[in-house]
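Asker: Structure supplied as data-v5.txt; contents: compact mmCIF, C-alpha atoms.
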# COMPACT_ATOMS: atom_id res chain seq x y z
CA MET M 25 5.70 -0.57 -24.48
CA SER M 26 2.67 1.54 -25.40
CA VAL M 27 2.44 5.28 -24.78
CA LEU M 28 -0.21 4.62 -22.13
CA GLU M 29 2.11 2.21 -20.30
CA LYS M 30 4.95 4.75 -20.44
CA ALA M 31 2.66 7.47 -19.10
CA SER M 32 1.55 5.18 -16.28
CA GLU M 33 5.16 4.40 -15.35
CA LEU M 34 6.00 8.10 -15.37
CA ILE M 35 3.09 8.93 -13.06
CA ASP M 36 4.11 6.12 -10.70
CA CYS M 37 7.70 7.44 -10.77
CA LEU M 38 6.61 10.93 -9.71
CA GLY M 39 4.32 9.48 -7.05
CA ARG M 40 7.05 7.33 -5.51
CA ALA M 41 9.51 10.24 -5.43
CA GLY M 42 7.39 12.20 -2.98
CA GLU M 43 9.03 15.45 -4.16
CA PRO M 44 9.48 17.32 -7.47
CA MET M 45 11.95 15.74 -9.90
CA THR M 46 14.17 17.11 -12.64
CA LEU M 47 13.87 15.95 -16.23
CA GLY M 48 17.15 14.10 -15.83
CA GLN M 49 15.96 12.28 -12.72
CA VAL M 50 12.77 11.16 -14.45
CA ARG M 51 14.68 10.07 -17.55
CA THR M 52 17.18 8.06 -15.49
CA SER M 53 14.47 6.41 -13.39
CA LEU M 54 12.48 5.35 -16.47
CA ASP M 55 15.52 4.59 -18.65
CA MET M 56 14.01 6.56 -21.55
CA PRO M 57 15.62 8.90 -24.09
CA LYS M 58 15.69 12.53 -22.97
CA SER M 59 13.61 13.72 -25.94
CA SER M 60 10.90 11.09 -25.34
CA THR M 61 10.78 11.84 -21.62
CA HIS M 62 10.48 15.58 -22.24
CA ARG M 63 7.73 15.09 -24.83
CA LEU M 64 5.72 12.81 -22.54
CA LEU M 65 6.11 15.15 -19.57
CA SER M 66 5.00 18.11 -21.70
CA GLU M 67 1.91 16.28 -22.96
CA LEU M 68 0.92 15.19 -19.45
CA ALA M 69 1.52 18.70 -18.13
CA GLY M 70 -0.79 20.05 -20.83
CA LEU M 71 -3.50 17.72 -19.56
CA GLY M 72 -2.97 18.71 -15.92
CA ILE M 73 -1.79 15.21 -15.02
CA VAL M 74 1.75 16.48 -14.38
CA ARG M 75 2.69 19.87 -12.99
CA ARG M 76 5.82 21.76 -14.09
CA THR M 77 7.10 24.22 -11.50
CA ASP M 78 8.61 27.62 -12.34
CA ASP M 79 12.11 26.25 -11.74
CA GLY M 80 11.61 23.38 -14.20
CA LEU M 81 10.83 20.55 -11.80
CA TYR M 82 8.01 18.04 -12.30
CA SER M 83 5.45 16.68 -9.85
CA LEU M 84 1.98 15.12 -9.94
CA GLY M 85 -0.68 17.47 -11.30
CA PRO M 86 -4.05 18.68 -10.01
CA ARG M 87 -6.10 16.55 -12.38
CA LEU M 88 -5.11 13.49 -10.38
CA LEU M 89 -6.87 14.95 -7.34
CA TYR M 90 -10.14 14.92 -9.26
CA TRP M 91 -9.54 11.39 -10.48
CA GLY M 92 -8.64 10.26 -6.98
CA GLU M 93 -11.83 11.67 -5.50
CA ALA M 94 -13.90 10.13 -8.29
CA ALA M 95 -12.28 6.72 -7.78
CA ALA M 96 -12.69 6.89 -4.01
CA GLY M 97 -16.36 7.74 -4.36
CA SER M 98 -17.03 4.66 -6.46
CA PHE M 99 -14.85 2.21 -4.51
CA ASP M 100 -17.08 0.03 -2.32
CA LEU M 101 -14.28 -1.33 -0.17
CA ARG M 102 -13.09 2.03 1.07
CA ARG M 103 -16.61 3.30 1.63
CA VAL M 104 -17.77 0.34 3.71
CA ALA M 105 -14.52 0.06 5.69
CA GLU M 106 -13.96 3.57 6.99
CA GLN M 107 -16.45 3.61 9.85
CA SER M 108 -15.25 0.24 11.20
CA MET M 109 -11.63 1.40 10.88
CA ARG M 110 -12.34 4.55 12.90
CA ARG M 111 -13.91 2.48 15.68
CA LEU M 112 -10.84 0.24 15.79
CA ARG M 113 -8.58 3.30 15.85
CA ASP M 114 -10.51 4.70 18.78
CA GLU M 115 -10.40 1.37 20.63
CA LEU M 116 -6.64 0.87 20.25
CA ASP M 117 -5.54 4.49 19.89
CA GLU M 118 -3.26 3.53 16.99
CA SER M 119 -3.32 4.06 13.23
CA VAL M 120 -5.36 1.68 11.08
CA HIS M 121 -4.75 1.28 7.35
CA LEU M 122 -6.39 -0.70 4.56
CA TYR M 123 -4.23 -2.00 1.70
CA VAL M 124 -5.02 -3.67 -1.60
CA ARG M 125 -2.67 -5.35 -4.05
CA GLU M 126 -1.97 -3.82 -7.44
CA HIS M 127 0.11 -6.30 -9.47
CA ASP M 128 3.47 -6.51 -7.60
CA SER M 129 2.79 -3.58 -5.24
CA ARG M 130 0.37 -2.66 -2.50
CA ILE M 131 -1.39 0.65 -2.01
CA CYS M 132 -3.17 2.13 0.97
CA ILE M 133 -6.73 3.07 0.01
CA ALA M 134 -8.06 4.13 3.43
CA ALA M 135 -6.61 5.31 6.72
CA ALA M 136 -7.84 6.09 10.22
CA GLU M 137 -4.84 7.90 11.63
CA GLY M 138 -4.04 7.60 15.31
CA ARG M 139 -4.08 10.72 17.44
CA GLN M 140 -0.66 10.12 18.97
CA VAL M 141 1.97 12.71 18.10
CA LEU M 142 4.44 9.94 17.21
CA ARG M 143 2.83 7.74 14.56
CA PRO M 144 3.73 6.25 11.18
CA PHE M 145 2.67 8.13 8.05
CA VAL M 146 1.32 6.27 5.01
CA GLN M 147 0.52 8.14 1.82
CA LEU M 148 -2.75 7.06 0.21
CA GLY M 149 -2.29 5.60 -3.24
CA ARG M 150 1.50 5.37 -3.12
CA PRO M 151 2.83 2.01 -4.38
CA LEU M 152 4.70 0.06 -1.68
CA PRO M 153 6.49 -3.31 -1.92
CA LEU M 154 4.79 -6.59 -1.12
CA ARG M 155 7.88 -8.35 0.21
CA VAL M 156 8.22 -6.31 3.42
CA GLY M 157 5.78 -5.19 6.08
CA ALA M 158 2.84 -7.02 7.64
CA ALA M 159 0.25 -5.89 5.09
CA GLY M 160 2.61 -6.50 2.18
CA LYS M 161 3.45 -10.06 3.21
CA LEU M 162 -0.21 -10.82 3.89
CA LEU M 163 -1.26 -9.73 0.39
CA LEU M 164 1.75 -11.47 -1.12
CA ALA M 165 0.71 -14.76 0.52
CA PHE M 166 -2.52 -14.67 -1.51
CA ALA M 167 -1.02 -13.30 -4.74
CA ASP M 168 -0.39 -15.21 -7.96
CA PRO M 169 2.44 -17.78 -7.75
CA GLN M 170 4.49 -15.80 -10.28
CA VAL M 171 4.30 -12.66 -8.14
CA GLN M 172 5.18 -14.65 -5.02
CA ARG M 173 8.22 -16.18 -6.71
CA GLN M 174 9.41 -12.79 -7.97
CA GLU M 175 9.06 -11.11 -4.57
CA VAL M 176 10.69 -13.95 -2.61
CA GLU M 177 13.67 -13.87 -5.01
CA LEU M 178 13.97 -10.08 -4.71
CA ALA M 179 13.78 -10.31 -0.91
CA ALA M 180 16.63 -12.83 -0.89
CA VAL M 181 18.79 -10.60 -3.09
CA GLU M 182 18.13 -7.55 -0.91
CA ALA M 183 18.78 -9.38 2.37
CA SER M 184 21.66 -8.17 4.53
CA PRO M 185 22.78 -8.73 8.13
CA SER M 186 21.42 -5.31 9.12
CA HIS M 187 17.89 -6.09 7.90
CA GLN M 188 15.11 -8.39 9.02
CA PRO M 189 15.21 -11.92 7.55
CA PRO M 190 13.68 -11.94 4.05
CA VAL M 191 10.22 -13.34 3.40
CA THR M 192 10.26 -17.01 2.39
CA ASP M 193 7.85 -19.51 0.84
CA GLU M 194 7.49 -21.19 4.24
CA GLN M 195 6.56 -17.89 5.88
CA LEU M 196 3.98 -17.17 3.18
CA GLU M 197 2.45 -20.62 3.70
CA ARG M 198 2.12 -19.94 7.42
CA ILE M 199 0.55 -16.55 6.73
CA ARG M 200 -2.00 -18.17 4.40
CA ASP M 201 -2.92 -20.72 7.06
CA GLU M 202 -3.30 -18.13 9.82
CA GLN M 203 -4.46 -15.15 7.70
CA TRP M 204 -2.23 -13.12 9.95
CA ALA M 205 1.12 -11.34 9.47
CA THR M 206 3.36 -9.16 11.62
CA SER M 207 6.49 -7.10 11.10
CA VAL M 208 9.01 -5.13 13.14
CA GLY M 209 11.08 -2.51 11.35
CA GLU M 210 10.84 -4.19 7.95
CA ARG M 211 9.71 -1.30 5.73
CA GLU M 212 10.63 1.50 8.09
CA PRO M 213 12.96 1.20 11.11
CA GLY M 214 11.21 1.69 14.42
CA VAL M 215 7.73 0.83 13.11
CA SER M 216 5.80 -2.36 13.90
CA ALA M 217 2.63 -3.64 12.29
CA ALA M 218 0.10 -6.47 12.33
CA ALA M 219 -2.36 -7.32 9.56
CA THR M 220 -5.21 -9.68 8.79
CA THR M 221 -7.39 -10.42 5.78
CA VAL M 222 -10.55 -8.76 4.48
CA LEU M 223 -12.72 -11.06 2.32
CA ASP M 224 -15.27 -10.31 -0.37
CA GLY M 225 -18.68 -11.94 -0.71
CA ARG M 226 -17.11 -15.01 -2.36
CA GLY M 227 -14.53 -15.52 0.37
CA ARG M 228 -11.58 -14.15 -1.61
CA VAL M 229 -8.89 -12.03 0.06
CA VAL M 230 -9.34 -8.51 -1.30
CA ALA M 231 -7.48 -6.39 1.25
CA ALA M 232 -5.23 -6.33 4.29
CA LEU M 233 -6.40 -4.52 7.41
CA CYS M 234 -3.35 -3.30 9.30
CA ILE M 235 -2.49 -1.67 12.62
CA SER M 236 0.86 0.11 12.74
CA ALA M 237 2.66 2.05 15.44
CA PRO M 238 6.15 2.92 16.67
CA THR M 239 7.85 -0.20 18.01
CA VAL M 240 8.22 1.45 21.42
CA ARG M 241 4.42 1.19 21.73
CA LEU M 242 3.88 -1.93 19.62
CA ALA M 243 6.44 -4.47 20.74
CA GLU M 244 6.26 -8.08 19.56
CA GLU M 245 4.67 -9.24 22.80
CA ARG M 246 1.63 -7.06 22.04
CA PHE M 247 0.88 -8.70 18.69
CA GLU M 248 -1.21 -11.51 20.14
CA ASP M 249 -3.40 -8.98 21.97
CA LEU M 250 -4.27 -7.40 18.62
CA ARG M 251 -5.60 -10.56 16.98
CA ARG M 252 -9.11 -10.34 18.38
CA PRO M 253 -9.85 -6.63 17.81
CA LEU M 254 -8.19 -6.63 14.39
CA GLY M 255 -9.93 -9.86 13.39
CA ASP M 256 -13.33 -8.60 14.58
CA CYS M 257 -12.94 -5.39 12.58
CA ALA M 258 -11.85 -7.27 9.44
CA ALA M 259 -14.80 -9.65 9.80
CA GLU M 260 -17.18 -6.70 10.13
CA ILE M 261 -15.80 -5.09 6.97
CA SER M 262 -15.97 -8.44 5.13
CA ALA M 263 -19.61 -8.86 6.13
CA LEU M 264 -20.48 -5.36 4.99
CA LEU M 265 -18.65 -5.83 1.72
CA GLY M 266 -20.39 -9.13 1.04
CA ARG M 267 -23.76 -7.57 1.83
CA ASN M 268 -23.11 -4.71 -0.60
CA GLN M 269 -22.03 -7.06 -3.35
CA GLY M 270 -24.99 -9.34 -2.77
CA SER M 271 -27.46 -6.46 -3.13
CA ARG M 272 -26.45 -5.67 -6.71
Show me, as structure tokens, the structure contained in the file I just sent.
Answerer:
Amino acid sequence: MSVLEKASELIDCLGRAGEPMTLGQVRTSLDMPKSSTHRLLSELAGLGIVRRTDDGLYSLGPRLLYWGEAAAGSFDLRRVAEQSMRRLRDELDESVHLYVREHDSRICIAAAEGRQVLRPFVQLGRPLPLRVGAAGKLLLAFADPQVQRQEVELAAVEASPSHQPPVTDEQLERIRDEQWATSVGEREPGVSAAATTVLDGRGRVVAALCISAPTVRLAEERFEDLRRPLGDCAAEISALLGRNQGSR
């Protein structure tokens, strides 16, 4: 594994943690020698990519804020989607999120947060699994066969009586046919979601547009009512994205 790959894994590790980590925690998570982990953390801290607190803990550094803003400013999908997402949020009074796939994970690149006090929180840019959740399953259904096989196998291993049934090949096939996925308490207990596809100018699935809310407000019987507004919004974003790409 190259130094760049190790650095990328370390940054992802700190991002997933959501709180400062000790050197030992980072080393254990990455399965790296202590000396190599310390050296890499020190180098990244010197660049501002990692921040070392006064009590010796490590977290993501301020330089990533600059990179995030620069990436967001040049990312067509987020730019063209945000206005449509806000209109959908206002229509349904629930949170709307836009996810893209990154290898075997999904990340939220844009959010129009609902104004309800009780609402799900999604951190922009944080890697989330594909095998659970409406948006994850939707993106997984259109992923490479190798990624699908890996995630279906992992879902089967993780399955337990206390969890929702794991995603299957048959379920992914149905999601591909309908371009529609739902979930109840799969990634986070008490949270429901519905998602549909966003297409680029060539008709490829590039993102999942998702509505999520506490299950007390978004019960399964409400899913069908969301198809039209969610589909209309996704179609609007797809049209805008195709228009932008066609003008280049």
Asker: With 12 Å as the cut-off and all atoms listed in the file counted, what is the closest atom pair between each nearby residue of segment 68-174 of chain M and segment 236-240 of chain M? Distances in Å to one decimal, ordered by chain and number, as a Markdown table.
Answerer:
| residue | atom | partner | partner_atom | distance |
| --- | --- | --- | --- | --- |
| M:Arg113 | CA | M:Ser236 | CA | 10.4 |
| M:Leu116 | CA | M:Ala237 | CA | 10.5 |
| M:Asp117 | CA | M:Ala237 | CA | 9.6 |
| M:Glu118 | CA | M:Ala237 | CA | 6.3 |
| M:Ser119 | CA | M:Ser236 | CA | 5.8 |
| M:Val120 | CA | M:Ser236 | CA | 6.6 |
| M:His121 | CA | M:Ser236 | CA | 7.9 |
| M:Leu122 | CA | M:Ser236 | CA | 11.0 |
| M:Ala135 | CA | M:Ser236 | CA | 10.9 |
| M:Ala136 | CA | M:Ser236 | CA | 10.9 |
| M:Glu137 | CA | M:Ser236 | CA | 9.7 |
| M:Gly138 | CA | M:Ala237 | CA | 8.7 |
| M:Arg139 | CA | M:Ala237 | CA | 11.2 |
| M:Gln140 | CA | M:Ala237 | CA | 9.4 |
| M:Val141 | CA | M:Pro238 | CA | 10.7 |
| M:Leu142 | CA | M:Pro238 | CA | 7.2 |
| M:Arg143 | CA | M:Ala237 | CA | 5.8 |
| M:Pro144 | CA | M:Ala237 | CA | 6.1 |
| M:Phe145 | CA | M:Ser236 | CA | 9.5 |
| M:Val146 | CA | M:Ser236 | CA | 9.9 |
| M:Gly157 | CA | M:Ser236 | CA | 9.8 |
| M:Ala158 | CA | M:Ser236 | CA | 9.0 |
| M:Ala159 | CA | M:Ser236 | CA | 9.7 |
Asker: Ranking M:Leu264, M:Met109, M:Met56, M:Ala219 by minimum distance to Ile235 of chain M and counting only C-alpha atoms, which one comes first?
Answerer: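 Among M:Leu264, M:Met109, M:Met56, M:Ala219, it is M:Ala219 that comes nearest to Ile235 of chain M.
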Asker: As a PyMOL selection string, please: the residues near Gln147 of chain M (cut-off 12 Å, all atoms listed in the file, same-chain neighbours under 2 positions excluded).
Answerer: chain M and resi 39-42+121-123+130-135+137+144-145+149-152
Asker: Take atom CA of Tyr90 of chain M and atom CA of Arg211 of chain M and report the distance between them in Å, one decimal.
Answerer: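 Between atom CA of Tyr90 of chain M and atom CA of Arg211 of chain M the gap works out to 29.7 Å.
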Asker: To one decimal in Å, tell me the separation between atom CA of Ser207 of chain M and atom CA of Leu233 of chain M.
Answerer: 13.7 Å
Asker: So what do you get for atom CA of Asp256 of chain M versus atom CA of Gln203 of chain M, distance-wise?
Answerer: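 So the two atoms, atom CA of Asp256 of chain M and atom CA of Gln203 of chain M, lie 13.0 Å apart.
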Asker: For Ala183 of chain M, find every residue with an atom within 12 Å (counting all atoms listed in the file), except residues of its own chain fewer than 6 positions away, and show them as a JSON list (two decimals) with C-alpha atoms, in the coordinates of the input.
Answerer:
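The resulting file, selection34.json, is reproduced below:
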[["chain", "number", "residue", "atom", "x", "y", "z"],
["M", 155, "ARG", "CA", 7.88, -8.35, 0.21],
["M", 156, "VAL", "CA", 8.22, -6.31, 3.42],
["M", 176, "VAL", "CA", 10.69, -13.95, -2.61],
["M", 177, "GLU", "CA", 13.67, -13.87, -5.01],
["M", 189, "PRO", "CA", 15.21, -11.92, 7.55],
["M", 190, "PRO", "CA", 13.68, -11.94, 4.05],
["M", 191, "VAL", "CA", 10.22, -13.34, 3.40],
["M", 192, "THR", "CA", 10.26, -17.01, 2.39],
["M", 210, "GLU", "CA", 10.84, -4.19, 7.95]]
Asker: Could you give me, as a list in words, the residues within 9 Å of Asp224 of chain M, counting only C-alpha atoms and dropping anything in the same chain fewer than 6 positions from it?
Answerer: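 Within the cut-off, the hits are Val230, Ala231, Ser262, Ala263, Leu264, Leu265, Gly266 and Gln269 of chain M.
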Asker: Here is a test: counting all atoms listed in the file, which residue of M:Thr61, M:Thr46, M:Ser108, M:Ser26 is nearest to Gly80 of chain M?
Answerer: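 With all atoms listed in the file as the atom set, the closest residue is M:Thr46.
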Asker: Considering only C-alpha atoms, can you say which of M:Val27, M:Glu106, M:Gln195, M:Gln49 comes closest to Leu68 of chain M?
Answerer: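 Closest residue, counting only C-alpha atoms: M:Val27.
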Asker: Give the padded box for segment 125-138 of chain M as JSON: axis-aligned, covering all atoms listed in the file, 5 Å on each side, centre and edge lengths in Å to one decimal.
Answerer:
{"center_x": -2.3, "center_y": 0.7, "center_z": 2.9, "size_x": 21.5, "size_y": 24.4, "size_z": 34.8}
Asker: Can you work out which one of M:Ala205, M:Met45, M:Ile261, M:Ala232 has the shortest atom-to-atom distance to Leu163 of chain M, counting only C-alpha atoms?
Answerer: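 Looking only at the distances to Leu163 of chain M, the closest residue turns out to be M:Ala232.
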Asker: Within 12 Å of (7.9, 14.5, -22.5) (file coordinates; all atoms listed in the file), which protein or nucleic acid residues are there? I'd like them as number ranges by chain.
Answerer: M: 27, 30-31, 34-35, 46-48, 50-51, 54, 56-70, 74, 76, 82
